[in-house]
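Colleague: Provided herewith is a single structure, encoded as structure tokens, for subsequent inquiry.
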Amino acid sequence: MRNLNSKPFAYLLFGAFAICLIGVALLAGHEITDIKSALIASYKTIPVLLFLAWMFSIFAWKWKILQGWIVPFPDLNGTWEGEIQTTWKNPETGEVPGPIPVILTIKQSFTKISCVMRTTEMTSRSYLAGFWIDSDEQVRMLGYCYTSKPSTIVAERSQPHDGTIIFEIVGSPVSKLRGTYWNGRKSTGDVTLTFKTKDHLDDYPDDLGEHPLANQ
């Protein structure tokens, strides 16, 4: 994914370098009078810039003040809660099941994002994920490919499969993820999620509800 808006980041980097250069020169008591003294002061700013770069990649990229103009993608870390509406029809009844309660756990850093979706009957994990952000085209999307592993108790009607899901990122700050999926079982559907907690839940909450086919 494209991690930075290059032009404003270049301005920010130049400004940080200039401030560090002046600060190092003042603290060290050096006067910058020629190319040699400037190079010496510049060399001493390298550790400071590396520290700032580390701070940015670990913490600062999440700051709201940098969102949009420096960092093009939002911070989606945490657990999202909602429902899946599949287009799959039960071969025995010909009916489409009602909404399926679901959670999506997103673990995101400056350079990587992973997604785990859980219902009472399956867990799917992303293996390729990224953002598509284009402010000129009014596009803000998160997409990923996943492998889904259903529980053994539903193995007869639900087989392991791969699929793809694309979410539209709604709101600023983000209030909703609205997506469409398709998979190797030739099934499609819609997913709607809202933010629940910054915690990365590693289990499906008992109070969220059962799968609509649980008692069939």
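In the structure tokens, the first chain shown is A, the next is B, and so on; residue numbers restart at 1 for each chain, and ligands run from 1 in the order shown.
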Please build the interface table for range 65-158 of chain A against range 203-213 of chain A with a cut-off of 9 Å, listing for each qualifying residue the nearest atom pair and the distance in Å to one decimal; count only C-alpha atoms, order rows by chain and increasing number, and write it as a Markdown table.
Modeller:
| residue | atom | partner | partner_atom | distance |
| --- | --- | --- | --- | --- |
| A:Glu81 | CA | A:Leu208 | CA | 8.8 |
| A:Pro97 | CA | A:Pro212 | CA | 6.3 |
| A:Gly98 | CA | A:Pro212 | CA | 6.1 |
| A:Pro99 | CA | A:Pro212 | CA | 7.1 |
| A:Ile100 | CA | A:His211 | CA | 5.5 |
| A:Pro101 | CA | A:Gly209 | CA | 6.2 |
| A:Val102 | CA | A:Leu208 | CA | 7.9 |
| A:Ile103 | CA | A:Tyr204 | CA | 7.0 |
| A:Arg118 | CA | A:Tyr204 | CA | 6.2 |
| A:Thr119 | CA | A:Tyr204 | CA | 6.5 |
| A:Thr120 | CA | A:His211 | CA | 6.1 |
| A:Glu121 | CA | A:His211 | CA | 7.0 |
Colleague: Tell me which protein, DNA and RNA residues are within 12 Å of Lys112 in chain A, counting only C-alpha atoms, leaving out same-chain ones fewer than 5 positions away, and put them as a ChimeraX atom specification.
Modeller: /A:1-3,57-58,73,75-77,106-107,126-131,144
Colleague: Give me the residues near Met122 in chain A as a ChimeraX atom specification, where near means some atom within 9 Å (using only C-alpha atoms) and where sequence neighbours in that chain fewer than 2 positions away do not count.
Modeller: /A:117-120,124,148-151,154,158
Colleague: Limited to N, CA and C atoms, could you put the picked residues into a file as a short mmCIF file (atom, residue, chain, number, x, y, z; two decimals), in the first residue's frame?
Modeller:
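Output file result-v2.cif follows:
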data_model
loop_
_atom_site.label_atom_id
_atom_site.label_comp_id
_atom_site.auth_asym_id
_atom_site.auth_seq_id
_atom_site.Cartn_x
_atom_site.Cartn_y
_atom_site.Cartn_z
N MET A 117 -11.72 -12.41 10.47
CA MET A 117 -13.18 -12.34 10.62
C MET A 117 -13.68 -13.60 11.30
N ARG A 118 -14.63 -13.43 12.24
CA ARG A 118 -15.14 -14.57 12.99
C ARG A 118 -16.67 -14.53 13.08
N THR A 119 -17.27 -15.69 12.88
CA THR A 119 -18.67 -15.92 13.24
C THR A 119 -18.66 -17.11 14.19
N THR A 120 -19.85 -17.60 14.59
CA THR A 120 -19.88 -18.77 15.45
C THR A 120 -19.46 -20.03 14.71
N SER A 124 -11.92 -16.63 9.29
CA SER A 124 -11.18 -16.37 8.06
C SER A 124 -10.04 -15.41 8.35
N SER A 148 -10.79 -19.13 4.57
CA SER A 148 -11.81 -19.35 5.60
C SER A 148 -11.80 -20.82 6.02
N LYS A 149 -11.81 -21.01 7.34
CA LYS A 149 -11.83 -22.36 7.90
C LYS A 149 -13.06 -22.53 8.79
N PRO A 150 -14.10 -23.20 8.30
CA PRO A 150 -15.30 -23.43 9.11
C PRO A 150 -15.02 -24.40 10.26
N SER A 151 -15.88 -24.36 11.26
CA SER A 151 -15.77 -25.30 12.37
C SER A 151 -16.07 -26.71 11.89
N VAL A 154 -19.73 -28.03 11.31
CA VAL A 154 -20.53 -27.65 10.13
C VAL A 154 -19.83 -28.07 8.84
N SER A 158 -20.42 -26.68 5.02
CA SER A 158 -19.55 -25.52 4.85
C SER A 158 -18.10 -25.99 4.74
#
Colleague: Show me, as a ChimeraX atom specification, the residues that have an atom within 7 Å of range 174-188 of chain A when counting only C-alpha atoms, minus same-chain residues fewer than 4 positions from it.
Modeller: /A:86-88,161-170,192-195
Colleague: Could you pull out the residues in range 23-134 of chain A that DSSP calls helix (DSSP H, G or I) from the backbone, as a PDB file with C-alpha atoms, in the first residue's frame?
Modeller:
ATOM      1  CA  GLY A  23      19.286  22.413  17.297  1.00  0.00           C
ATOM      2  CA  VAL A  24      22.409  20.220  17.064  1.00  0.00           C
ATOM      3  CA  ALA A  25      24.542  23.197  16.098  1.00  0.00           C
ATOM      4  CA  LEU A  26      23.283  25.286  19.013  1.00  0.00           C
ATOM      5  CA  LEU A  27      23.657  22.498  21.575  1.00  0.00           C
ATOM      6  CA  ALA A  28      27.154  21.637  20.387  1.00  0.00           C
ATOM      7  CA  ILE A  35      30.401  23.655   3.800  1.00  0.00           C
ATOM      8  CA  LYS A  36      32.625  21.643   6.138  1.00  0.00           C
ATOM      9  CA  SER A  37      30.936  22.876   9.332  1.00  0.00           C
ATOM     10  CA  ALA A  38      27.516  22.327   7.736  1.00  0.00           C
ATOM     11  CA  LEU A  39      28.427  18.733   6.838  1.00  0.00           C
ATOM     12  CA  ILE A  40      29.675  18.049  10.369  1.00  0.00           C
ATOM     13  CA  ALA A  41      26.449  19.372  11.884  1.00  0.00           C
ATOM     14  CA  SER A  42      24.396  17.456   9.311  1.00  0.00           C
ATOM     15  CA  TYR A  43      26.174  14.220  10.183  1.00  0.00           C
ATOM     16  CA  LYS A  44      25.313  14.697  13.837  1.00  0.00           C
ATOM     17  CA  THR A  45      21.613  15.099  13.023  1.00  0.00           C
ATOM     18  CA  ILE A  46      21.390  11.581  11.550  1.00  0.00           C
ATOM     19  CA  PRO A  47      20.752   9.784  14.889  1.00  0.00           C
ATOM     20  CA  VAL A  48      18.057  12.338  15.748  1.00  0.00           C
ATOM     21  CA  LEU A  49      16.335  11.885  12.386  1.00  0.00           C
ATOM     22  CA  LEU A  50      16.497   8.103  12.715  1.00  0.00           C
ATOM     23  CA  PHE A  51      14.893   8.327  16.140  1.00  0.00           C
ATOM     24  CA  LEU A  52      12.142  10.584  14.776  1.00  0.00           C
ATOM     25  CA  ALA A  53      11.574   8.169  11.876  1.00  0.00           C
ATOM     26  CA  TRP A  54      11.249   5.295  14.341  1.00  0.00           C
ATOM     27  CA  MET A  55       8.792   7.281  16.463  1.00  0.00           C
ATOM     28  CA  PHE A  56       6.773   8.098  13.346  1.00  0.00           C
ATOM     29  CA  SER A  57       6.555   4.489  12.151  1.00  0.00           C
ATOM     30  CA  ILE A  58       5.563   3.174  15.599  1.00  0.00           C
ATOM     31  CA  ALA A  60       3.014   9.177  15.129  1.00  0.00           C
ATOM     32  CA  TRP A  61       1.412   7.790  11.959  1.00  0.00           C
ATOM     33  CA  LYS A  62      -1.755   7.194  14.038  1.00  0.00           C
ATOM     34  CA  LYS A  64      -5.131  12.532  13.775  1.00  0.00           C
ATOM     35  CA  ILE A  65      -3.120  15.651  12.930  1.00  0.00           C
ATOM     36  CA  LEU A  66      -1.144  13.630  10.353  1.00  0.00           C
TER      37      LEU A  66
END
